[in-house]
file input09.txt (compact mmCIF, C-alpha atoms)
# COMPACT_ATOMS: atom_id res chain seq x y z
CA MET N 16 28.28 2.94 -5.24
CA ARG N 17 25.23 3.25 -3.02
CA SER N 18 22.36 0.76 -3.23
CA ARG N 19 19.07 1.71 -4.88
CA ILE N 20 16.25 0.70 -2.52
CA ASP N 21 12.50 0.86 -3.27
CA LEU N 22 10.38 -0.12 -0.25
CA HIS N 23 6.79 0.11 -1.55
CA THR N 24 5.50 -1.82 -4.59
CA HIS N 25 2.46 -3.85 -5.63
CA SER N 26 1.92 -6.95 -7.74
CA THR N 27 -1.10 -8.87 -9.02
CA ALA N 28 -1.43 -10.31 -5.52
CA SER N 29 -3.30 -7.05 -4.91
CA ASP N 30 -3.82 -4.22 -7.40
CA GLY N 31 -0.60 -4.15 -9.41
CA THR N 32 -0.37 -5.28 -13.03
CA LEU N 33 2.85 -7.34 -12.85
CA THR N 34 2.95 -10.76 -11.24
CA PRO N 35 5.34 -11.08 -8.28
CA ALA N 36 7.83 -12.86 -10.55
CA GLU N 37 7.55 -10.18 -13.24
CA LEU N 38 7.90 -7.47 -10.60
CA VAL N 39 11.21 -8.73 -9.21
CA ARG N 40 12.60 -9.14 -12.72
CA ALA N 41 11.48 -5.60 -13.59
CA ALA N 42 13.13 -4.32 -10.40
CA ALA N 43 16.45 -5.87 -11.39
CA GLU N 44 16.14 -4.44 -14.91
CA ALA N 45 15.44 -1.00 -13.39
CA GLY N 46 18.75 -1.21 -11.51
CA LEU N 47 17.35 -1.71 -8.04
CA ASP N 48 19.35 -3.54 -5.38
CA VAL N 49 16.53 -3.90 -2.84
CA LEU N 50 12.78 -4.22 -3.44
CA ALA N 51 9.96 -4.45 -0.92
CA LEU N 52 6.81 -6.27 -2.05
CA THR N 53 3.95 -4.62 -0.14
CA ASP N 54 0.65 -5.79 -1.57
CA HIS N 55 -2.54 -4.61 0.09
CA ASP N 56 -3.45 -6.70 3.14
CA THR N 57 -1.86 -9.90 1.83
CA THR N 58 1.33 -11.94 1.76
CA ALA N 59 0.11 -14.05 -1.17
CA GLY N 60 2.88 -12.87 -3.52
CA TRP N 61 5.82 -13.54 -1.21
CA ALA N 62 6.65 -17.12 -2.19
CA SER N 63 6.58 -16.61 -5.95
CA ALA N 64 8.62 -13.40 -5.64
CA VAL N 65 11.29 -15.24 -3.63
CA ARG N 66 11.40 -18.11 -6.14
CA ALA N 67 11.87 -15.70 -9.05
CA LEU N 68 14.49 -13.42 -7.45
CA PRO N 69 17.16 -12.48 -9.99
CA PRO N 70 20.82 -12.58 -8.88
CA GLY N 71 21.84 -9.51 -6.92
CA LEU N 72 18.34 -8.40 -5.90
CA ARG N 73 17.32 -8.43 -2.24
CA LEU N 74 13.63 -8.80 -1.34
CA VAL N 75 11.98 -7.29 1.73
CA ARG N 76 8.71 -9.11 2.31
CA GLY N 77 5.93 -6.86 3.50
CA ALA N 78 2.36 -5.65 3.10
CA GLU N 79 0.46 -2.38 2.96
CA ILE N 80 -2.19 -2.60 5.65
CA SER N 81 -5.52 -0.76 5.38
CA CYS N 82 -6.01 1.19 8.61
CA ARG N 83 -8.32 3.84 10.02
CA TRP N 84 -8.07 6.48 12.73
CA PHE N 85 -11.31 6.95 14.64
CA GLY N 86 -10.24 10.09 16.48
CA THR N 87 -12.40 12.29 14.25
CA GLU N 88 -15.72 11.98 12.43
CA PRO N 89 -15.75 10.62 9.85
CA ALA N 90 -12.76 8.39 10.56
CA VAL N 91 -9.62 8.94 8.48
CA PRO N 92 -8.32 6.05 6.33
CA LEU N 93 -4.56 5.57 6.22
CA HIS N 94 -2.02 2.97 5.13
CA LEU N 95 0.67 1.24 7.16
CA LEU N 96 3.64 -0.42 5.45
CA ALA N 97 4.57 -3.51 7.46
CA TYR N 98 7.96 -5.09 6.78
CA LEU N 99 9.38 -8.53 7.58
CA PHE N 100 6.58 -9.71 9.87
CA ASP N 101 5.69 -13.34 10.57
CA PRO N 102 3.07 -14.24 7.92
CA ASP N 103 1.66 -16.91 10.25
CA ALA N 104 1.08 -14.65 13.29
CA PRO N 105 -2.53 -15.69 14.13
CA GLU N 106 -3.99 -12.32 15.17
CA LEU N 107 -2.52 -10.42 12.26
CA VAL N 108 -3.49 -13.16 9.79
CA ALA N 109 -7.10 -13.04 11.03
CA GLU N 110 -7.31 -9.25 10.73
CA LEU N 111 -5.84 -9.21 7.24
CA ALA N 112 -8.29 -11.92 6.13
CA ARG N 113 -11.18 -9.87 7.52
CA VAL N 114 -10.05 -6.76 5.65
CA ARG N 115 -9.61 -8.65 2.38
CA ALA N 116 -13.10 -10.11 2.67
CA ALA N 117 -14.55 -6.66 3.39
CA ARG N 118 -12.67 -5.20 0.42
CA GLU N 119 -14.17 -7.83 -1.88
CA GLU N 120 -17.66 -7.26 -0.49
CA ARG N 121 -17.27 -3.50 -1.05
CA GLY N 122 -16.15 -4.12 -4.64
CA GLU N 123 -19.25 -6.18 -5.35
CA ARG N 124 -21.47 -3.46 -3.87
CA ILE N 125 -19.78 -0.76 -5.99
CA VAL N 126 -20.39 -2.86 -9.12
CA ALA N 127 -24.05 -3.26 -8.10
CA LEU N 128 -24.37 0.54 -7.83
CA LEU N 129 -22.80 0.99 -11.27
CA ARG N 130 -25.08 -1.63 -12.82
CA ALA N 131 -28.14 -0.03 -11.18
CA ASP N 132 -27.25 3.13 -13.12
CA GLY N 133 -27.12 1.18 -16.36
CA ILE N 134 -23.32 0.87 -16.51
CA ASP N 135 -22.39 -2.46 -18.05
CA VAL N 136 -19.62 -3.85 -15.85
CA SER N 137 -19.40 -7.46 -14.73
CA TRP N 138 -18.45 -8.56 -11.21
CA PRO N 139 -17.37 -12.07 -12.36
CA GLU N 140 -15.14 -10.44 -15.00
CA ILE N 141 -13.61 -8.10 -12.41
CA LEU N 142 -12.95 -11.02 -10.05
CA ALA N 143 -11.31 -12.92 -12.90
CA GLY N 144 -9.18 -9.87 -13.70
CA ALA N 145 -7.95 -9.80 -10.10
CA ALA N 146 -6.63 -13.36 -10.69
CA GLY N 147 -7.00 -14.32 -7.05
CA GLY N 148 -5.40 -11.13 -5.77
CA THR N 149 -6.92 -8.74 -3.27
CA VAL N 150 -9.73 -6.97 -5.14
CA GLY N 151 -9.56 -3.17 -5.15
CA ARG N 152 -10.97 -0.15 -6.94
CA PRO N 153 -8.20 -0.32 -9.60
CA HIS N 154 -9.73 -3.59 -10.80
CA ILE N 155 -13.12 -1.85 -11.21
CA ALA N 156 -11.34 1.05 -12.91
CA GLN N 157 -9.97 -1.39 -15.50
CA ALA N 158 -13.51 -2.59 -16.20
CA LEU N 159 -14.62 1.02 -16.75
CA ILE N 160 -11.68 1.51 -19.15
CA ARG N 161 -12.56 -1.69 -21.04
CA ALA N 162 -16.16 -0.43 -21.33
CA GLY N 163 -14.89 2.81 -22.89
CA LEU N 164 -16.36 4.94 -20.12
CA VAL N 165 -13.03 6.39 -18.99
CA THR N 166 -9.58 6.38 -20.55
CA THR N 167 -7.29 6.18 -17.50
CA THR N 168 -7.23 4.89 -13.94
CA ASN N 169 -6.89 8.49 -12.74
CA GLU N 170 -10.08 9.42 -14.55
CA ALA N 171 -11.86 6.40 -13.04
CA PHE N 172 -10.82 7.63 -9.60
CA GLY N 173 -12.35 11.06 -10.27
CA PRO N 174 -15.46 12.38 -8.49
CA ASP N 175 -17.89 11.22 -11.20
CA TRP N 176 -16.79 7.64 -10.75
CA LEU N 177 -14.92 5.73 -8.04
CA GLY N 178 -13.57 8.80 -6.25
CA GLU N 179 -16.93 10.01 -5.02
CA ARG N 180 -20.18 9.05 -6.75
CA TYR N 181 -19.50 5.31 -6.63
CA ARG N 182 -17.18 5.26 -3.66
CA LEU N 183 -18.12 3.21 -0.63
CA PRO N 184 -16.27 2.95 2.70
CA LYS N 185 -14.46 -0.26 3.53
CA GLU N 186 -13.59 -1.93 6.80
CA ASP N 187 -10.06 -1.30 7.99
CA ILE N 188 -7.95 -2.06 11.08
CA GLU N 189 -7.84 0.52 13.85
CA VAL N 190 -4.41 2.06 13.41
CA PHE N 191 -3.08 1.66 16.97
CA HIS N 192 -4.21 -1.97 16.91
CA ALA N 193 -2.48 -2.44 13.55
CA VAL N 194 0.85 -1.05 14.80
CA ARG N 195 0.73 -3.34 17.84
CA LEU N 196 -0.19 -6.38 15.71
CA VAL N 197 2.72 -5.77 13.32
CA ARG N 198 5.17 -5.37 16.19
CA ALA N 199 3.80 -8.49 17.92
CA ALA N 200 4.42 -10.37 14.66
CA GLY N 201 8.05 -9.24 14.64
CA GLY N 202 7.46 -6.69 11.89
CA VAL N 203 8.43 -3.07 11.41
CA PRO N 204 5.59 -0.57 10.74
CA VAL N 205 6.10 2.56 8.62
CA PHE N 206 3.36 5.12 7.89
CA ALA N 207 2.78 5.28 4.11
CA HIS N 208 2.50 8.73 2.43
CA PRO N 209 1.35 10.36 5.71
CA ARG N 210 1.12 13.94 4.39
CA ALA N 211 -0.43 13.31 0.94
CA THR N 212 -3.17 15.94 1.00
CA ARG N 213 -3.92 15.30 -2.67
CA ARG N 214 -5.29 11.90 -1.59
CA GLY N 215 -7.74 13.46 0.84
CA ARG N 216 -7.75 14.05 4.57
CA ILE N 217 -4.58 13.51 6.58
CA VAL N 218 -4.03 12.86 10.28
CA PRO N 219 -2.47 15.42 12.64
CA ASP N 220 1.19 15.25 13.63
CA ALA N 221 0.07 14.65 17.22
CA LEU N 222 -1.43 11.30 16.18
CA ILE N 223 1.85 10.26 14.53
CA ALA N 224 3.65 11.14 17.76
CA GLU N 225 1.22 8.91 19.68
CA LEU N 226 1.73 6.07 17.21
CA ALA N 227 5.49 6.37 17.71
CA THR N 228 4.97 5.64 21.42
CA VAL N 229 3.30 2.29 20.62
CA GLY N 230 5.77 1.10 17.99
CA LEU N 231 5.56 3.08 14.75
CA ALA N 232 9.08 2.87 13.31
CA GLY N 233 9.10 5.29 10.40
CA LEU N 234 7.48 7.66 7.92
CA GLU N 235 7.48 7.46 4.13
CA ALA N 236 8.60 10.93 3.02
CA ASP N 237 9.64 10.63 -0.63
CA HIS N 238 6.48 9.59 -2.47
CA GLU N 239 4.85 10.66 -5.72
CA ASP N 240 1.82 12.06 -3.88
CA HIS N 241 3.88 14.32 -1.58
CA SER N 242 4.71 17.87 -2.66
CA PRO N 243 8.23 19.11 -1.87
CA ALA N 244 6.83 20.97 1.14
CA GLU N 245 5.05 17.84 2.37
CA ARG N 246 8.22 15.78 2.01
CA ALA N 247 10.13 18.37 4.03
CA HIS N 248 7.44 18.37 6.71
CA VAL N 249 7.54 14.56 7.01
CA ARG N 250 11.35 14.55 7.27
CA ALA N 251 11.29 17.20 9.99
CA LEU N 252 8.61 15.34 11.96
CA ALA N 253 10.52 12.05 11.67
CA GLY N 254 13.62 13.82 12.95
CA GLU N 255 11.73 15.19 15.96
CA LEU N 256 10.32 11.77 16.81
CA GLY N 257 13.42 9.71 16.06
CA LEU N 258 11.67 7.78 13.29
CA VAL N 259 13.25 6.28 10.18
CA VAL N 260 12.57 8.06 6.87
CA THR N 261 11.80 6.04 3.72
CA GLY N 262 11.19 6.80 0.06
CA SER N 263 9.59 4.61 -2.57
CA SER N 264 7.70 4.42 -5.83
CA ASP N 265 4.40 2.85 -4.70
CA PHE N 266 4.64 1.11 -8.07
CA HIS N 267 1.43 -0.46 -9.43
CA GLY N 268 2.50 -1.26 -13.00
CA THR N 269 0.27 0.29 -15.67
CA HIS N 270 -2.34 1.37 -13.08
CA LYS N 271 -0.06 4.34 -12.36
CA THR N 272 2.55 6.27 -14.33
CA VAL N 273 5.22 6.21 -11.61
CA ARG N 274 8.19 3.97 -12.36
CA LEU N 275 10.12 1.56 -10.16
CA GLY N 276 12.84 3.37 -8.23
CA ALA N 277 11.26 6.79 -8.84
CA HIS N 278 11.89 7.47 -5.14
CA THR N 279 14.27 5.51 -2.96
CA THR N 280 15.31 4.82 0.62
CA THR N 281 18.80 5.30 2.06
CA GLU N 282 20.93 2.32 3.00
CA GLU N 283 20.97 3.56 6.62
CA ALA N 284 17.17 3.60 6.82
CA TYR N 285 16.91 0.17 5.19
CA GLU N 286 19.48 -1.34 7.55
CA ARG N 287 17.63 0.09 10.56
CA ILE N 288 14.38 -1.52 9.42
CA VAL N 289 16.07 -4.89 8.90
CA ALA N 290 17.76 -4.66 12.30
CA GLU N 291 14.43 -4.05 14.06
CA ALA N 292 12.67 -7.01 12.40
CA SER N 293 12.27 -10.46 13.95
CA GLY N 294 9.35 -11.91 11.99
CA VAL N 295 10.46 -13.69 8.81
CA THR N 296 14.05 -14.86 8.53
CA GLY N 297 15.70 -11.72 7.25
CA VAL N 298 15.82 -10.52 3.68
CA ALA N 299 15.64 -12.90 0.73
CA TYR N 300 18.59 -12.74 -1.67
CA GLY N 301 18.65 -13.44 -5.37

call {"tool": "encode", "arguments": {"input": "input09.txt", "output": "structure tokens"}}
result
Amino acid sequence: MRSRIDLHTHSTASDGTLTPAELVRAAAEAGLDVLALTDHDTTAGWASAVRALPPGLRLVRGAEISCRWFGTEPAVPLHLLAYLFDPDAPELVAELARVRAAREERGERIVALLRADGIDVSWPEILAGAAGGTVGRPHIAQALIRAGLVTTTNEAFGPDWLGERYRLPKEDIEVFHAVRLVRAAGGVPVFAHPRATRRGRIVPDALIAELATVGLAGLEADHEDHSPAERAHVRALAGELGLVVTGSSDFHGTHKTVRLGAHTTTEEAYERIVAEASGVTGVAYG
């Protein structure tokens, strides 16, 4: 029987709704054999996830790094999944701390815009709801839901709210710099949902080819935000460039409807990622 491997999930250490401990238990209950914890720009959930690992579950420690490509105007935001890197690598630690601080500052500014328009949301309440995790727009979306202004996170991310009218840019890491930092920290970088046009602008294939020359290891093909045609395109591009192909849920708990293990990664792809890593000491076992 082949392993079920989900390499992209979030906990309350960023914008998920399950704690790291709850997440690993839910993964085991969902029949997963391998789970990657990839909170936004933080490793804060790693230790508690490892402590709570149920028997039989393997944990890949990682992060989803906020990046930007400045090759066009305006610059294109994108996400890099970084696996098994050294969480104490000084340069990477400093960049992630900078991005987290910028994300929090952006959140406070968005709340100020909402309040200026007479919308009763509270920044202290939103911070408390994040429970020390990396603050993101989903936390503000929850405040809008609590206020009865929208009914779902998807609605909150629409153009009338956080998708456009109250959306502000955030500081990210230049993508080539991010790939090099992850590799220098012994990690393995994989481009998250690279062809998801429903999320907005995407980067050209030529950029992905350039990133492969500086250390990009793989592309996430099977993802809820990829159409079948987009998944096929990503697989073909990965094949041309010799990159690993992954699939995952991008699970956020109740912030999204997608379930753990909705999309999975092959054992061969997982083993290749583990073999390339030299940051943390391998995979944690429950």

call {"tool": "atom_distance", "arguments": {"input": "input09.txt", "atom1": "atom CA of N:Arg19", "atom2": "atom CA of N:Ala244"}}
result
23.6 Å

call {"tool": "residues_around", "arguments": {"input": "input09.txt", "residues": "N:Glu283", "least_positions_apart": "4", "cutoff": "10 Å", "atoms": "only C-alpha atoms", "output": "number ranges by chain"}}
result
N: 259-261, 287-288

call {"tool": "atom_distance", "arguments": {"input": "input09.txt", "atom1": "atom CA of N:Gly201", "atom2": "atom CA of N:Ala292"}}
result
5.6 Å

call {"tool": "closest_atom_pairs", "arguments": {"input": "input09.txt", "of": "stretch 16-46 of chain N", "to": "stretch 234-243 of chain N", "cutoff": "12 Å", "atoms": "all atoms listed in the file", "output": "JSON lines"}}
result
{"residue": "N:Asp21", "atom": "CA", "partner": "N:Asp237", "partner_atom": "CA", "distance": 10.5}
{"residue": "N:Leu22", "atom": "CA", "partner": "N:Glu235", "partner_atom": "CA", "distance": 9.2}
{"residue": "N:His23", "atom": "CA", "partner": "N:Glu235", "partner_atom": "CA", "distance": 9.3}
{"residue": "N:Thr24", "atom": "CA", "partner": "N:His238", "partner_atom": "CA", "distance": 11.6}

call {"tool": "closest_atom_pairs", "arguments": {"input": "input09.txt", "of": "stretch 105-157 of chain N", "to": "stretch 176-190 of chain N", "cutoff": "9 Å", "atoms": "all atoms listed in the file", "output": "JSON lines"}}
result
{"residue": "N:Glu110", "atom": "CA", "partner": "N:Ile188", "partner_atom": "CA", "distance": 7.2}
{"residue": "N:Leu111", "atom": "CA", "partner": "N:Ile188", "partner_atom": "CA", "distance": 8.4}
{"residue": "N:Arg113", "atom": "CA", "partner": "N:Glu186", "partner_atom": "CA", "distance": 8.3}
{"residue": "N:Val114", "atom": "CA", "partner": "N:Asp187", "partner_atom": "CA", "distance": 5.9}
{"residue": "N:Arg115", "atom": "CA", "partner": "N:Glu186", "partner_atom": "CA", "distance": 9.0}
{"residue": "N:Ala117", "atom": "CA", "partner": "N:Glu186", "partner_atom": "CA", "distance": 5.9}
{"residue": "N:Arg118", "atom": "CA", "partner": "N:Lys185", "partner_atom": "CA", "distance": 6.1}
{"residue": "N:Glu120", "atom": "CA", "partner": "N:Lys185", "partner_atom": "CA", "distance": 8.7}
{"residue": "N:Arg121", "atom": "CA", "partner": "N:Lys185", "partner_atom": "CA", "distance": 6.3}
{"residue": "N:Gly122", "atom": "CA", "partner": "N:Leu183", "partner_atom": "CA", "distance": 8.6}
{"residue": "N:Arg124", "atom": "CA", "partner": "N:Leu183", "partner_atom": "CA", "distance": 8.1}
{"residue": "N:Ile125", "atom": "CA", "partner": "N:Tyr181", "partner_atom": "CA", "distance": 6.1}
{"residue": "N:Val126", "atom": "CA", "partner": "N:Tyr181", "partner_atom": "CA", "distance": 8.6}
{"residue": "N:Leu128", "atom": "CA", "partner": "N:Tyr181", "partner_atom": "CA", "distance": 6.9}
{"residue": "N:Leu129", "atom": "CA", "partner": "N:Tyr181", "partner_atom": "CA", "distance": 7.1}
{"residue": "N:Arg152", "atom": "CA", "partner": "N:Leu177", "partner_atom": "CA", "distance": 7.2}
{"residue": "N:Ile155", "atom": "CA", "partner": "N:Leu177", "partner_atom": "CA", "distance": 8.4}
{"residue": "N:Ala156", "atom": "CA", "partner": "N:Leu177", "partner_atom": "CA", "distance": 7.6}

call {"tool": "closest_residue", "arguments": {"input": "input09.txt", "among": "N:Ile20, N:Ile141, N:Ala62, N:Ala28", "to": "N:Gly46", "atoms": "only C-alpha atoms"}}
result
N:Ile20

call {"tool": "build_atoms", "arguments": {"input": "input09.txt", "residues": "stretch 219-230 of chain N", "atoms": "all heavy atoms", "output": "PDB file, in the coordinates of the input"}}
result
ATOM      1  N   PRO N 219      -3.353  14.410  12.048  1.00  0.00           N
ATOM      2  CA  PRO N 219      -2.470  15.420  12.640  1.00  0.00           C
ATOM      3  C   PRO N 219      -1.136  14.826  13.089  1.00  0.00           C
ATOM      4  O   PRO N 219      -1.037  13.625  13.362  1.00  0.00           O
ATOM      5  CB  PRO N 219      -3.282  15.941  13.840  1.00  0.00           C
ATOM      6  CG  PRO N 219      -4.211  14.825  14.186  1.00  0.00           C
ATOM      7  CD  PRO N 219      -4.547  14.150  12.887  1.00  0.00           C
ATOM      8  N   ASP N 220      -0.136  15.688  13.169  1.00  0.00           N
ATOM      9  CA  ASP N 220       1.190  15.250  13.630  1.00  0.00           C
ATOM     10  C   ASP N 220       1.119  14.647  15.024  1.00  0.00           C
ATOM     11  O   ASP N 220       1.896  13.740  15.362  1.00  0.00           O
ATOM     12  CB  ASP N 220       2.160  16.427  13.639  1.00  0.00           C
ATOM     13  CG  ASP N 220       2.531  16.890  12.237  1.00  0.00           C
ATOM     14  OD1 ASP N 220       2.164  16.192  11.259  1.00  0.00           O
ATOM     15  OD2 ASP N 220       3.183  17.944  12.116  1.00  0.00           O
ATOM     16  N   ALA N 221       0.193  15.155  15.843  1.00  0.00           N
ATOM     17  CA  ALA N 221       0.070  14.650  17.220  1.00  0.00           C
ATOM     18  C   ALA N 221      -0.284  13.163  17.224  1.00  0.00           C
ATOM     19  O   ALA N 221       0.173  12.414  18.096  1.00  0.00           O
ATOM     20  CB  ALA N 221      -0.995  15.441  17.978  1.00  0.00           C
ATOM     21  N   LEU N 222      -1.087  12.724  16.257  1.00  0.00           N
ATOM     22  CA  LEU N 222      -1.430  11.300  16.180  1.00  0.00           C
ATOM     23  C   LEU N 222      -0.184  10.483  15.846  1.00  0.00           C
ATOM     24  O   LEU N 222       0.045   9.416  16.430  1.00  0.00           O
ATOM     25  CB  LEU N 222      -2.497  11.052  15.128  1.00  0.00           C
ATOM     26  CG  LEU N 222      -2.755   9.549  14.902  1.00  0.00           C
ATOM     27  CD1 LEU N 222      -3.538   8.952  16.050  1.00  0.00           C
ATOM     28  CD2 LEU N 222      -3.425   9.284  13.575  1.00  0.00           C
ATOM     29  N   ILE N 223       0.631  10.981  14.904  1.00  0.00           N
ATOM     30  CA  ILE N 223       1.850  10.260  14.530  1.00  0.00           C
ATOM     31  C   ILE N 223       2.778  10.135  15.742  1.00  0.00           C
ATOM     32  O   ILE N 223       3.391   9.081  15.962  1.00  0.00           O
ATOM     33  CB  ILE N 223       2.534  10.964  13.346  1.00  0.00           C
ATOM     34  CG1 ILE N 223       1.633  10.858  12.107  1.00  0.00           C
ATOM     35  CG2 ILE N 223       3.910  10.354  13.068  1.00  0.00           C
ATOM     36  CD1 ILE N 223       2.113  11.624  10.900  1.00  0.00           C
ATOM     37  N   ALA N 224       2.843  11.194  16.542  1.00  0.00           N
ATOM     38  CA  ALA N 224       3.650  11.140  17.760  1.00  0.00           C
ATOM     39  C   ALA N 224       3.129  10.076  18.710  1.00  0.00           C
ATOM     40  O   ALA N 224       3.906   9.337  19.340  1.00  0.00           O
ATOM     41  CB  ALA N 224       3.658  12.510  18.448  1.00  0.00           C
ATOM     42  N   GLU N 225       1.812   9.958  18.820  1.00  0.00           N
ATOM     43  CA  GLU N 225       1.220   8.910  19.680  1.00  0.00           C
ATOM     44  C   GLU N 225       1.525   7.523  19.130  1.00  0.00           C
ATOM     45  O   GLU N 225       1.815   6.594  19.889  1.00  0.00           O
ATOM     46  CB  GLU N 225      -0.293   9.108  19.776  1.00  0.00           C
ATOM     47  CG  GLU N 225      -0.740  10.291  20.610  1.00  0.00           C
ATOM     48  CD  GLU N 225      -2.260  10.392  20.647  1.00  0.00           C
ATOM     49  OE1 GLU N 225      -2.904   9.354  20.919  1.00  0.00           O
ATOM     50  OE2 GLU N 225      -2.785  11.484  20.386  1.00  0.00           O
ATOM     51  N   LEU N 226       1.435   7.368  17.817  1.00  0.00           N
ATOM     52  CA  LEU N 226       1.730   6.070  17.210  1.00  0.00           C
ATOM     53  C   LEU N 226       3.180   5.671  17.445  1.00  0.00           C
ATOM     54  O   LEU N 226       3.487   4.479  17.627  1.00  0.00           O
ATOM     55  CB  LEU N 226       1.439   6.109  15.701  1.00  0.00           C
ATOM     56  CG  LEU N 226      -0.041   6.191  15.304  1.00  0.00           C
ATOM     57  CD1 LEU N 226      -0.182   6.474  13.809  1.00  0.00           C
ATOM     58  CD2 LEU N 226      -0.772   4.897  15.674  1.00  0.00           C
ATOM     59  N   ALA N 227       4.067   6.662  17.462  1.00  0.00           N
ATOM     60  CA  ALA N 227       5.490   6.370  17.710  1.00  0.00           C
ATOM     61  C   ALA N 227       5.682   5.776  19.104  1.00  0.00           C
ATOM     62  O   ALA N 227       6.582   4.957  19.306  1.00  0.00           O
ATOM     63  CB  ALA N 227       6.314   7.643  17.562  1.00  0.00           C
ATOM     64  N   THR N 228       4.830   6.161  20.053  1.00  0.00           N
ATOM     65  CA  THR N 228       4.970   5.640  21.420  1.00  0.00           C
ATOM     66  C   THR N 228       4.538   4.181  21.530  1.00  0.00           C
ATOM     67  O   THR N 228       4.908   3.503  22.485  1.00  0.00           O
ATOM     68  CB  THR N 228       4.173   6.488  22.434  1.00  0.00           C
ATOM     69  OG1 THR N 228       2.771   6.311  22.197  1.00  0.00           O
ATOM     70  CG2 THR N 228       4.536   7.956  22.354  1.00  0.00           C
ATOM     71  N   VAL N 229       3.744   3.688  20.560  1.00  0.00           N
ATOM     72  CA  VAL N 229       3.300   2.290  20.620  1.00  0.00           C
ATOM     73  C   VAL N 229       4.005   1.404  19.606  1.00  0.00           C
ATOM     74  O   VAL N 229       3.665   0.231  19.466  1.00  0.00           O
ATOM     75  CB  VAL N 229       1.759   2.174  20.458  1.00  0.00           C
ATOM     76  CG1 VAL N 229       1.041   2.937  21.559  1.00  0.00           C
ATOM     77  CG2 VAL N 229       1.300   2.637  19.085  1.00  0.00           C
ATOM     78  N   GLY N 230       4.979   1.979  18.855  1.00  0.00           N
ATOM     79  CA  GLY N 230       5.770   1.100  17.990  1.00  0.00           C
ATOM     80  C   GLY N 230       5.934   1.515  16.558  1.00  0.00           C
ATOM     81  O   GLY N 230       6.624   0.820  15.795  1.00  0.00           O
TER      82      GLY N 230
END
